[in-house]
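Since the structure comes first, as structure tokens, the remarks are kept for the end.
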Protein chains: 2
Amino acid sequence: MNLTHIEHLGIAVNSLETAIPYYESVLGLKCYAVEEVAEQRVKTAFFKIGQTKIELLESTDPEGPVGKFIEKKGEGIHHIAFAVEGLQETLNMVAEKGVILIDKSPRKGAEGLNIAFLHPKSTFGVLTELCEDPNK
Amino acid sequence: MNLTHIEHLGIAVNSLETAIPYYESVLGLKCYAVEEVAEQRVKTAFFKIGQTKIELLESTDPEGPVGKFIEKKGEGIHHIAFAVEGLQETLNMVAEKGVILIDKSPRKGAEGLNIAFLHPKSTFGVLTELCEDPNK
């Protein structure tokens, strides 16, 4: 697999409204976009640091994936997303090596990326997203 | 604060021996160093991806910080480390803004970096490390 960099880190927060000021005024990052991803039942806020984005995730539904995560584990780092080229081929390859796929084929994520998640049971506890930019 | 990039991500695993092959043969990253950090009661394994390192953490003591983390939350992403310049000044600045410091002044971490941790209670659930390279 050709992983070039960490595309983003997903961080679950109770409220974008209270978390964004910490990232801006304490860490000095700039929120450049807020976007709702209805399918994932989250509102997201994006910051850039070097090659990597930080994606804050506020749940819009207690039964959604981020709502359940916060109920179980509290606020914190939710997932890591790697940038890859050839996402479908990569999914086939990791599945052959025993990784459990949450998404067997790519779907649309935030910022127009094609994305797929790997199950943390097969990735040593790390919910892992693979992202491909369709415009590259 | 001038954060330039994500220096590393710390990921708690039960066993380096079983986790390293996943990072190498599935994700295609190369483990370039294994180091014990006695003070933190961990063995660490390092990988590089773009600007960022992945630091796997195996606890050497159930009462150590990573041992307790795994007991409470299971394997998974443990902390995020940002590269900064002027670590002591940065700690003073974030403390003034209400962040709780785990380390009031820098101490030595893996790879010879000066490091300090911020308490997750004051950083929206994210155990946050600030790192300064003393050779830069």
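Chain labels A, B, ... are given in the sequence in which chains occur in the structure tokens; within each chain residues are numbered consecutively from 1, and ligands are likewise numbered from 1 in the order shown.
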Fewer than 4 positions away in the same chain doesn't count, so skip those; otherwise give me all residues within 12 Å of Ser122 of chain A, counting only C-alpha atoms, as a short mmCIF file (atom, residue, chain, number, x, y, z; two decimals) with C-alpha atoms, in the first residue's frame.
data_model
loop_
_atom_site.label_atom_id
_atom_site.label_comp_id
_atom_site.auth_asym_id
_atom_site.auth_seq_id
_atom_site.Cartn_x
_atom_site.Cartn_y
_atom_site.Cartn_z
CA VAL A 94 -6.00 -5.32 2.94
CA ALA A 95 -9.05 -7.60 3.01
CA LYS A 97 -4.51 -9.80 4.47
CA GLY A 98 -7.27 -10.29 7.02
CA VAL A 99 -8.45 -6.75 7.68
CA ILE A 100 -12.20 -6.42 8.28
CA LEU A 101 -13.74 -3.78 5.99
CA ILE A 102 -16.54 -1.56 7.27
CA PHE A 117 -13.27 2.58 6.92
CA LEU A 118 -11.40 -0.43 8.30
CA VAL A 126 -7.58 2.14 15.68
CA LEU A 127 -10.61 3.06 13.61
CA THR A 128 -8.85 3.63 10.29
CA THR B 18 1.96 -8.51 17.13
CA ALA B 19 1.20 -4.90 16.10
CA TYR B 22 0.29 -5.04 10.79
CA TYR B 23 1.91 -1.62 10.34
CA VAL B 26 -0.62 -4.29 5.76
CA GLU B 75 -5.99 -0.52 22.45
CA GLY B 76 -6.21 2.66 20.39
#
As an MDAnalysis selection string, please: the residues near Pro106 of chain B (cut-off 6 Å, only C-alpha atoms, same-chain neighbours under 6 positions excluded). chainID B and resid 114:116
Selection file, N, CA, C and O atoms, as a short mmCIF file (atom, residue, chain, number, x, y, z; two decimals), in the first residue's frame:
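As written to disk, out10.cif reads:
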data_model
loop_
_atom_site.label_atom_id
_atom_site.label_comp_id
_atom_site.auth_asym_id
_atom_site.auth_seq_id
_atom_site.Cartn_x
_atom_site.Cartn_y
_atom_site.Cartn_z
N ASN B 114 12.51 17.38 23.77
CA ASN B 114 11.93 17.97 24.98
C ASN B 114 10.42 17.95 24.81
O ASN B 114 9.90 18.38 23.77
N ILE B 115 9.75 17.44 25.84
CA ILE B 115 8.30 17.24 25.70
C ILE B 115 7.56 17.71 26.95
O ILE B 115 8.14 17.83 28.03
N ALA B 116 6.27 17.95 26.78
CA ALA B 116 5.39 18.22 27.92
C ALA B 116 3.97 17.85 27.50
O ALA B 116 3.59 18.02 26.34
#
Just asking: which residues within chain B are strand (DSSP E) according to DSSP, as an MDAnalysis selection string? chainID B and resid 3:13 31:37 42:49 52:59 76:84 107:108 114:118 128:132
Expected file contents, prior selection, C-alpha atoms, as an mmCIF file, in the first residue's frame:
data_model
loop_
_atom_site.group_PDB
_atom_site.id
_atom_site.type_symbol
_atom_site.label_atom_id
_atom_site.label_comp_id
_atom_site.auth_asym_id
_atom_site.auth_seq_id
_atom_site.Cartn_x
_atom_site.Cartn_y
_atom_site.Cartn_z
ATOM 1 C CA LEU B 3 2.408 24.616 15.642
ATOM 2 C CA THR B 4 4.193 23.513 12.489
ATOM 3 C CA HIS B 5 2.992 19.924 12.107
ATOM 4 C CA ILE B 6 1.899 16.798 13.936
ATOM 5 C CA GLU B 7 5.173 15.383 15.230
ATOM 6 C CA HIS B 8 3.711 12.001 16.098
ATOM 7 C CA LEU B 9 0.662 10.044 17.112
ATOM 8 C CA GLY B 10 0.956 7.726 20.101
ATOM 9 C CA ILE B 11 -1.002 4.488 19.730
ATOM 10 C CA ALA B 12 -1.402 2.096 22.665
ATOM 11 C CA VAL B 13 -1.074 -1.591 21.757
ATOM 12 C CA CYS B 31 9.598 0.337 11.693
ATOM 13 C CA TYR B 32 12.843 2.303 11.969
ATOM 14 C CA ALA B 33 13.407 2.236 15.734
ATOM 15 C CA VAL B 34 12.383 0.411 18.886
ATOM 16 C CA GLU B 35 13.170 2.193 22.134
ATOM 17 C CA GLU B 36 12.293 1.691 25.789
ATOM 18 C CA VAL B 37 11.259 4.825 27.693
ATOM 19 C CA VAL B 42 6.637 1.798 27.779
ATOM 20 C CA LYS B 43 8.436 0.204 24.882
ATOM 21 C CA THR B 44 7.982 2.203 21.701
ATOM 22 C CA ALA B 45 8.220 1.414 18.001
ATOM 23 C CA PHE B 46 8.477 4.205 15.428
ATOM 24 C CA PHE B 47 7.230 4.508 11.849
ATOM 25 C CA LYS B 48 7.279 7.535 9.573
ATOM 26 C CA ILE B 49 4.477 8.657 7.279
ATOM 27 C CA THR B 52 4.368 12.520 11.055
ATOM 28 C CA LYS B 53 5.632 9.578 13.078
ATOM 29 C CA ILE B 54 3.500 6.824 14.454
ATOM 30 C CA GLU B 55 4.721 5.756 17.886
ATOM 31 C CA LEU B 56 3.349 2.415 19.037
ATOM 32 C CA LEU B 57 3.324 2.130 22.823
ATOM 33 C CA GLU B 58 3.467 -1.180 24.677
ATOM 34 C CA SER B 59 3.154 -0.870 28.428
ATOM 35 C CA GLY B 76 -6.209 2.659 20.394
ATOM 36 C CA ILE B 77 -4.960 6.172 19.748
ATOM 37 C CA HIS B 78 -3.452 7.430 22.998
ATOM 38 C CA HIS B 79 -2.172 10.935 22.297
ATOM 39 C CA ILE B 80 -1.355 13.512 19.664
ATOM 40 C CA ALA B 81 1.959 15.358 19.684
ATOM 41 C CA PHE B 82 2.469 18.735 18.046
ATOM 42 C CA ALA B 83 5.864 20.154 17.125
ATOM 43 C CA VAL B 84 6.408 23.617 18.621
ATOM 44 C CA ARG B 107 11.254 16.875 30.253
ATOM 45 C CA LYS B 108 13.045 14.372 28.013
ATOM 46 C CA ASN B 114 11.931 17.967 24.976
ATOM 47 C CA ILE B 115 8.301 17.244 25.697
ATOM 48 C CA ALA B 116 5.393 18.219 27.922
ATOM 49 C CA PHE B 117 1.832 16.942 28.192
ATOM 50 C CA LEU B 118 -1.417 18.897 28.502
ATOM 51 C CA THR B 128 -1.878 16.430 23.952
ATOM 52 C CA GLU B 129 1.903 16.465 23.871
ATOM 53 C CA LEU B 130 4.030 19.402 22.792
ATOM 54 C CA CYS B 131 7.505 18.549 21.472
ATOM 55 C CA GLU B 132 10.554 20.660 20.824
#
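Shortest atom-to-atom contact with Leu91 of chain B among B:Ser15, B:Gly28, B:Met1, B:Pro134: B:Met1, counting only C-alpha atoms.
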Filtered DSSP result for chain A, state helix (DSSP H, G or I), as a PyMOL selection string: chain A and resi 16-26+38-40+65-73+87-96+110-112+120-122
